[in-house]
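The block underneath contains the structure these notes are about, expressed in structure tokens.
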Amino acid sequence: MPPTPAAMPQPNGVATELLDTRYKVETPEGIDLSLRPVSLVPRALAFAIDLAIRGLLLLAVLLLLELLGKLGKGLAAIVIFMLTWWYMVLFEVLNQGSSPGKQWLGLRVVHDDGTPVGWAASLTRNLLRFVDFLPFAYGLGILSSLNHPAFKRLGDLAAGTLVVYAQTPAARPELPEAEPLRAPFSMNLSEQRAILAFAERQSGLSSARCSEVAQLLAEPLQVPPEQAQAQLNGIARGLLGPT
């Protein structure tokens, strides 16, 4: 169920409209971030994966501790406590906001301002799971997620956290092999971007179309038309810098 556009609080106190499931924040350094909140179904799948992992770990540990008699029973109580209350917290804080289930699905927990989640926030959101669970089967948590534009359950609202899709770094563009060259004329930023875009898109264009486009710049490049494409590729390489 997609969220409806709504006014979302921002770190600077200015509300902005949530559109197309994008949550925009501005960092203290003045950098704009566009985060994608995660809807109910992927979050439920991630939780189910974590639940299965905890169940398997608990079963394996209990089988081993059974061999220790009374001491094993005492240790088993500690293990159950740790897996119940600290499994999520430790992974979220020490693993960039991702438990194994979230990491598998490419999700992570962050503060509302996009910064990595800390101990206090992670503890709050996970301790309040028992409230989200009420009256049964995460009833309140589901209702809260479905009615919030950023899919927040009650624990997220109290902790000031947000579950978002992890952003993967953009891959460096692939350019044709060429000797880096300097342009024979000065270029503004839009012209530099245009030459880089031409070099990056060559793999998706026919050779005839590439030559046709490149020949339009043969005169300002001061080269014969048949050399214009190679010249542009060299200039693009020079603009991109060493790889």
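In the structure tokens, each chain is lettered A, B, ... as it comes, each chain's residues begin at 1, and ligands are numbered from 1 in order of appearance.
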
What are the closest atom pairs, with distances in Å to one decimal, for each residue of segment 130-195 of chain A lying within 9 Å of segment 88-112 of chain A, using only C-alpha atoms, rows by chain and rising residue number, as a Markdown table?
| residue | atom | partner | partner_atom | distance |
| --- | --- | --- | --- | --- |
| A:Ala159 | CA | A:His111 | CA | 8.2 |
| A:Gly160 | CA | A:Asp112 | CA | 5.6 |
| A:Thr161 | CA | A:His111 | CA | 4.3 |
| A:Leu162 | CA | A:Val110 | CA | 5.4 |
| A:Val163 | CA | A:Val109 | CA | 4.5 |
| A:Val164 | CA | A:Arg108 | CA | 5.6 |
| A:Tyr165 | CA | A:Leu107 | CA | 4.5 |
| A:Ala166 | CA | A:Leu107 | CA | 5.2 |
| A:Gln167 | CA | A:Gly106 | CA | 8.4 |

### Message
So that I can check the secondary structure, give me every residue of segment 18-107 of chain A assigned strand (DSSP E) by backbone DSSP, as a PyMOL selection string.
### Response
chain A and resi 23-26+32-35+107

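Every protein or nucleic acid residue with an atom no more than 7 Å from segment 233-243 of chain A, counting only C-alpha atoms and leaving out same-chain residues fewer than 6 positions away, appears here: Pro176, Ala178, Glu179, Pro180, Leu181, Arg182, Ala183, Ile195, Leu196 and Ala199 of chain A.
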
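Between atom CA of Ala228 of chain A and atom CA of Glu200 of chain A there is a distance of 15.7 Å.
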
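Among the candidate residues A:Glu177, A:Leu157, A:Trp119, A:Ser190, the one lying nearest to Ala230 of chain A is A:Glu177, with distances computed using only C-alpha atoms.
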
How close does segment 77-151 of chain A get to segment 64-67 of chain A? List, as CSV, each residue of segment 77-151 of chain A within 12 Å, its nearest atom pair and the distance in Å to one decimal, counting only C-alpha atoms.
residue,atom,partner,partner_atom,distance
A:Ala77,CA,A:Leu65,CA,10.4
A:Ile78,CA,A:Leu65,CA,11.3
A:Val79,CA,A:Leu65,CA,10.1
A:Ile80,CA,A:Leu65,CA,12.0

Can I get the selected residues back with C-alpha atoms, as a compact mmCIF listing (two decimals), in the first residue's frame?
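Contents of again-v3.txt, freshly written:
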# COMPACT_ATOMS: atom_id res chain seq x y z
CA ALA A 77 18.23 -18.33 29.97
CA ILE A 78 20.99 -15.81 29.21
CA VAL A 79 21.10 -16.88 25.55
CA ILE A 80 17.32 -16.55 25.22

### Query
Could you write out, as an MDAnalysis selection string, all the residues of segment 28-188 of chain A that DSSP marks as alpha helix (DSSP H)?
chainID A and resid 40:65 70:85 87:94 100:105 119:127 129:133 139:147 154:159

Expected file contents, prior selection, C-alpha atoms, as a PDB file, in the first residue's frame:
ATOM      1  CA  LEU A  40       5.171  -3.252   5.320  1.00  0.00           C
ATOM      2  CA  VAL A  41       5.752  -6.395   3.231  1.00  0.00           C
ATOM      3  CA  PRO A  42       9.575  -6.163   2.829  1.00  0.00           C
ATOM      4  CA  ARG A  43       9.880  -5.315   6.529  1.00  0.00           C
ATOM      5  CA  ALA A  44       7.771  -8.327   7.448  1.00  0.00           C
ATOM      6  CA  LEU A  45       9.905 -10.573   5.230  1.00  0.00           C
ATOM      7  CA  ALA A  46      13.114  -9.247   6.810  1.00  0.00           C
ATOM      8  CA  PHE A  47      11.686  -9.841  10.284  1.00  0.00           C
ATOM      9  CA  ALA A  48      10.666 -13.386   9.316  1.00  0.00           C
ATOM     10  CA  ILE A  49      14.223 -14.104   8.120  1.00  0.00           C
ATOM     11  CA  ASP A  50      15.662 -12.778  11.375  1.00  0.00           C
ATOM     12  CA  LEU A  51      13.115 -14.792  13.351  1.00  0.00           C
ATOM     13  CA  ALA A  52      14.141 -17.969  11.526  1.00  0.00           C
ATOM     14  CA  ILE A  53      17.847 -17.237  12.125  1.00  0.00           C
ATOM     15  CA  ARG A  54      17.241 -16.642  15.829  1.00  0.00           C
ATOM     16  CA  GLY A  55      15.212 -19.815  16.065  1.00  0.00           C
ATOM     17  CA  LEU A  56      17.952 -21.911  14.461  1.00  0.00           C
ATOM     18  CA  LEU A  57      20.638 -20.314  16.666  1.00  0.00           C
ATOM     19  CA  LEU A  58      18.563 -20.884  19.781  1.00  0.00           C
ATOM     20  CA  LEU A  59      17.886 -24.507  18.889  1.00  0.00           C
ATOM     21  CA  ALA A  60      21.565 -25.223  18.230  1.00  0.00           C
ATOM     22  CA  VAL A  61      22.726 -23.524  21.442  1.00  0.00           C
ATOM     23  CA  LEU A  62      20.067 -25.200  23.606  1.00  0.00           C
ATOM     24  CA  LEU A  63      21.030 -28.621  22.278  1.00  0.00           C
ATOM     25  CA  LEU A  64      24.659 -27.961  23.222  1.00  0.00           C
ATOM     26  CA  LEU A  65      23.822 -26.493  26.644  1.00  0.00           C
ATOM     27  CA  LYS A  70      21.831 -27.176  35.528  1.00  0.00           C
ATOM     28  CA  LEU A  71      24.619 -24.890  34.392  1.00  0.00           C
ATOM     29  CA  GLY A  72      23.367 -25.286  30.851  1.00  0.00           C
ATOM     30  CA  LYS A  73      19.851 -24.249  31.886  1.00  0.00           C
ATOM     31  CA  GLY A  74      21.202 -21.049  33.454  1.00  0.00           C
ATOM     32  CA  LEU A  75      23.245 -20.242  30.361  1.00  0.00           C
ATOM     33  CA  ALA A  76      20.247 -21.030  28.178  1.00  0.00           C
ATOM     34  CA  ALA A  77      18.234 -18.328  29.972  1.00  0.00           C
ATOM     35  CA  ILE A  78      20.990 -15.807  29.206  1.00  0.00           C
ATOM     36  CA  VAL A  79      21.102 -16.877  25.549  1.00  0.00           C
ATOM     37  CA  ILE A  80      17.319 -16.554  25.222  1.00  0.00           C
ATOM     38  CA  PHE A  81      17.473 -13.044  26.733  1.00  0.00           C
ATOM     39  CA  MET A  82      20.286 -11.973  24.421  1.00  0.00           C
ATOM     40  CA  LEU A  83      18.618 -13.316  21.264  1.00  0.00           C
ATOM     41  CA  THR A  84      15.243 -11.830  22.216  1.00  0.00           C
ATOM     42  CA  TRP A  85      16.314  -8.310  23.200  1.00  0.00           C
ATOM     43  CA  TYR A  87      19.952  -9.532  18.487  1.00  0.00           C
ATOM     44  CA  MET A  88      18.373  -6.654  16.570  1.00  0.00           C
ATOM     45  CA  VAL A  89      20.071  -3.898  18.567  1.00  0.00           C
ATOM     46  CA  LEU A  90      23.599  -5.229  18.155  1.00  0.00           C
ATOM     47  CA  PHE A  91      23.220  -5.779  14.420  1.00  0.00           C
ATOM     48  CA  GLU A  92      21.524  -2.419  13.793  1.00  0.00           C
ATOM     49  CA  VAL A  93      24.165  -0.417  15.663  1.00  0.00           C
ATOM     50  CA  LEU A  94      27.252  -2.397  14.684  1.00  0.00           C
ATOM     51  CA  PRO A 100      20.872 -10.237   8.630  1.00  0.00           C
ATOM     52  CA  GLY A 101      17.265 -10.203   7.385  1.00  0.00           C
ATOM     53  CA  LYS A 102      17.377  -6.519   6.495  1.00  0.00           C
ATOM     54  CA  GLN A 103      20.793  -6.881   4.861  1.00  0.00           C
ATOM     55  CA  TRP A 104      19.521  -9.778   2.752  1.00  0.00           C
ATOM     56  CA  LEU A 105      16.723  -7.579   1.399  1.00  0.00           C
ATOM     57  CA  TRP A 119      22.228   2.746  20.742  1.00  0.00           C
ATOM     58  CA  ALA A 120      19.430   4.753  22.364  1.00  0.00           C
ATOM     59  CA  ALA A 121      17.247   4.841  19.242  1.00  0.00           C
ATOM     60  CA  SER A 122      17.793   1.160  18.436  1.00  0.00           C
ATOM     61  CA  LEU A 123      17.019   0.110  22.004  1.00  0.00           C
ATOM     62  CA  THR A 124      13.847   2.217  22.021  1.00  0.00           C
ATOM     63  CA  ARG A 125      12.482   0.904  18.713  1.00  0.00           C
ATOM     64  CA  ASN A 126      13.197  -2.717  19.640  1.00  0.00           C
ATOM     65  CA  LEU A 127      11.986  -2.568  23.260  1.00  0.00           C
ATOM     66  CA  ARG A 129       8.094  -4.206  19.777  1.00  0.00           C
ATOM     67  CA  PHE A 130       5.893  -5.618  22.538  1.00  0.00           C
ATOM     68  CA  VAL A 131       3.600  -2.598  22.114  1.00  0.00           C
ATOM     69  CA  ASP A 132       3.545  -3.022  18.317  1.00  0.00           C
ATOM     70  CA  PHE A 133       2.698  -6.693  18.873  1.00  0.00           C
ATOM     71  CA  GLY A 139      -1.683  -5.620  15.151  1.00  0.00           C
ATOM     72  CA  LEU A 140      -0.794  -2.099  16.292  1.00  0.00           C
ATOM     73  CA  GLY A 141       2.462  -2.123  14.363  1.00  0.00           C
ATOM     74  CA  ILE A 142       0.695  -3.071  11.141  1.00  0.00           C
ATOM     75  CA  LEU A 143      -1.972  -0.402  11.597  1.00  0.00           C
ATOM     76  CA  SER A 144       0.657   2.224  12.334  1.00  0.00           C
ATOM     77  CA  SER A 145       2.744   1.276   9.277  1.00  0.00           C
ATOM     78  CA  LEU A 146      -0.242   1.305   6.944  1.00  0.00           C
ATOM     79  CA  ASN A 147      -1.398   4.707   8.167  1.00  0.00           C
ATOM     80  CA  LEU A 154       5.065   2.752  16.906  1.00  0.00           C
ATOM     81  CA  GLY A 155       8.645   1.874  17.855  1.00  0.00           C
ATOM     82  CA  ASP A 156       9.954   3.984  14.969  1.00  0.00           C
ATOM     83  CA  LEU A 157       7.752   6.910  15.945  1.00  0.00           C
ATOM     84  CA  ALA A 158       9.044   6.821  19.528  1.00  0.00           C
ATOM     85  CA  ALA A 159      12.694   6.362  18.527  1.00  0.00           C
TER      86      ALA A 159
END
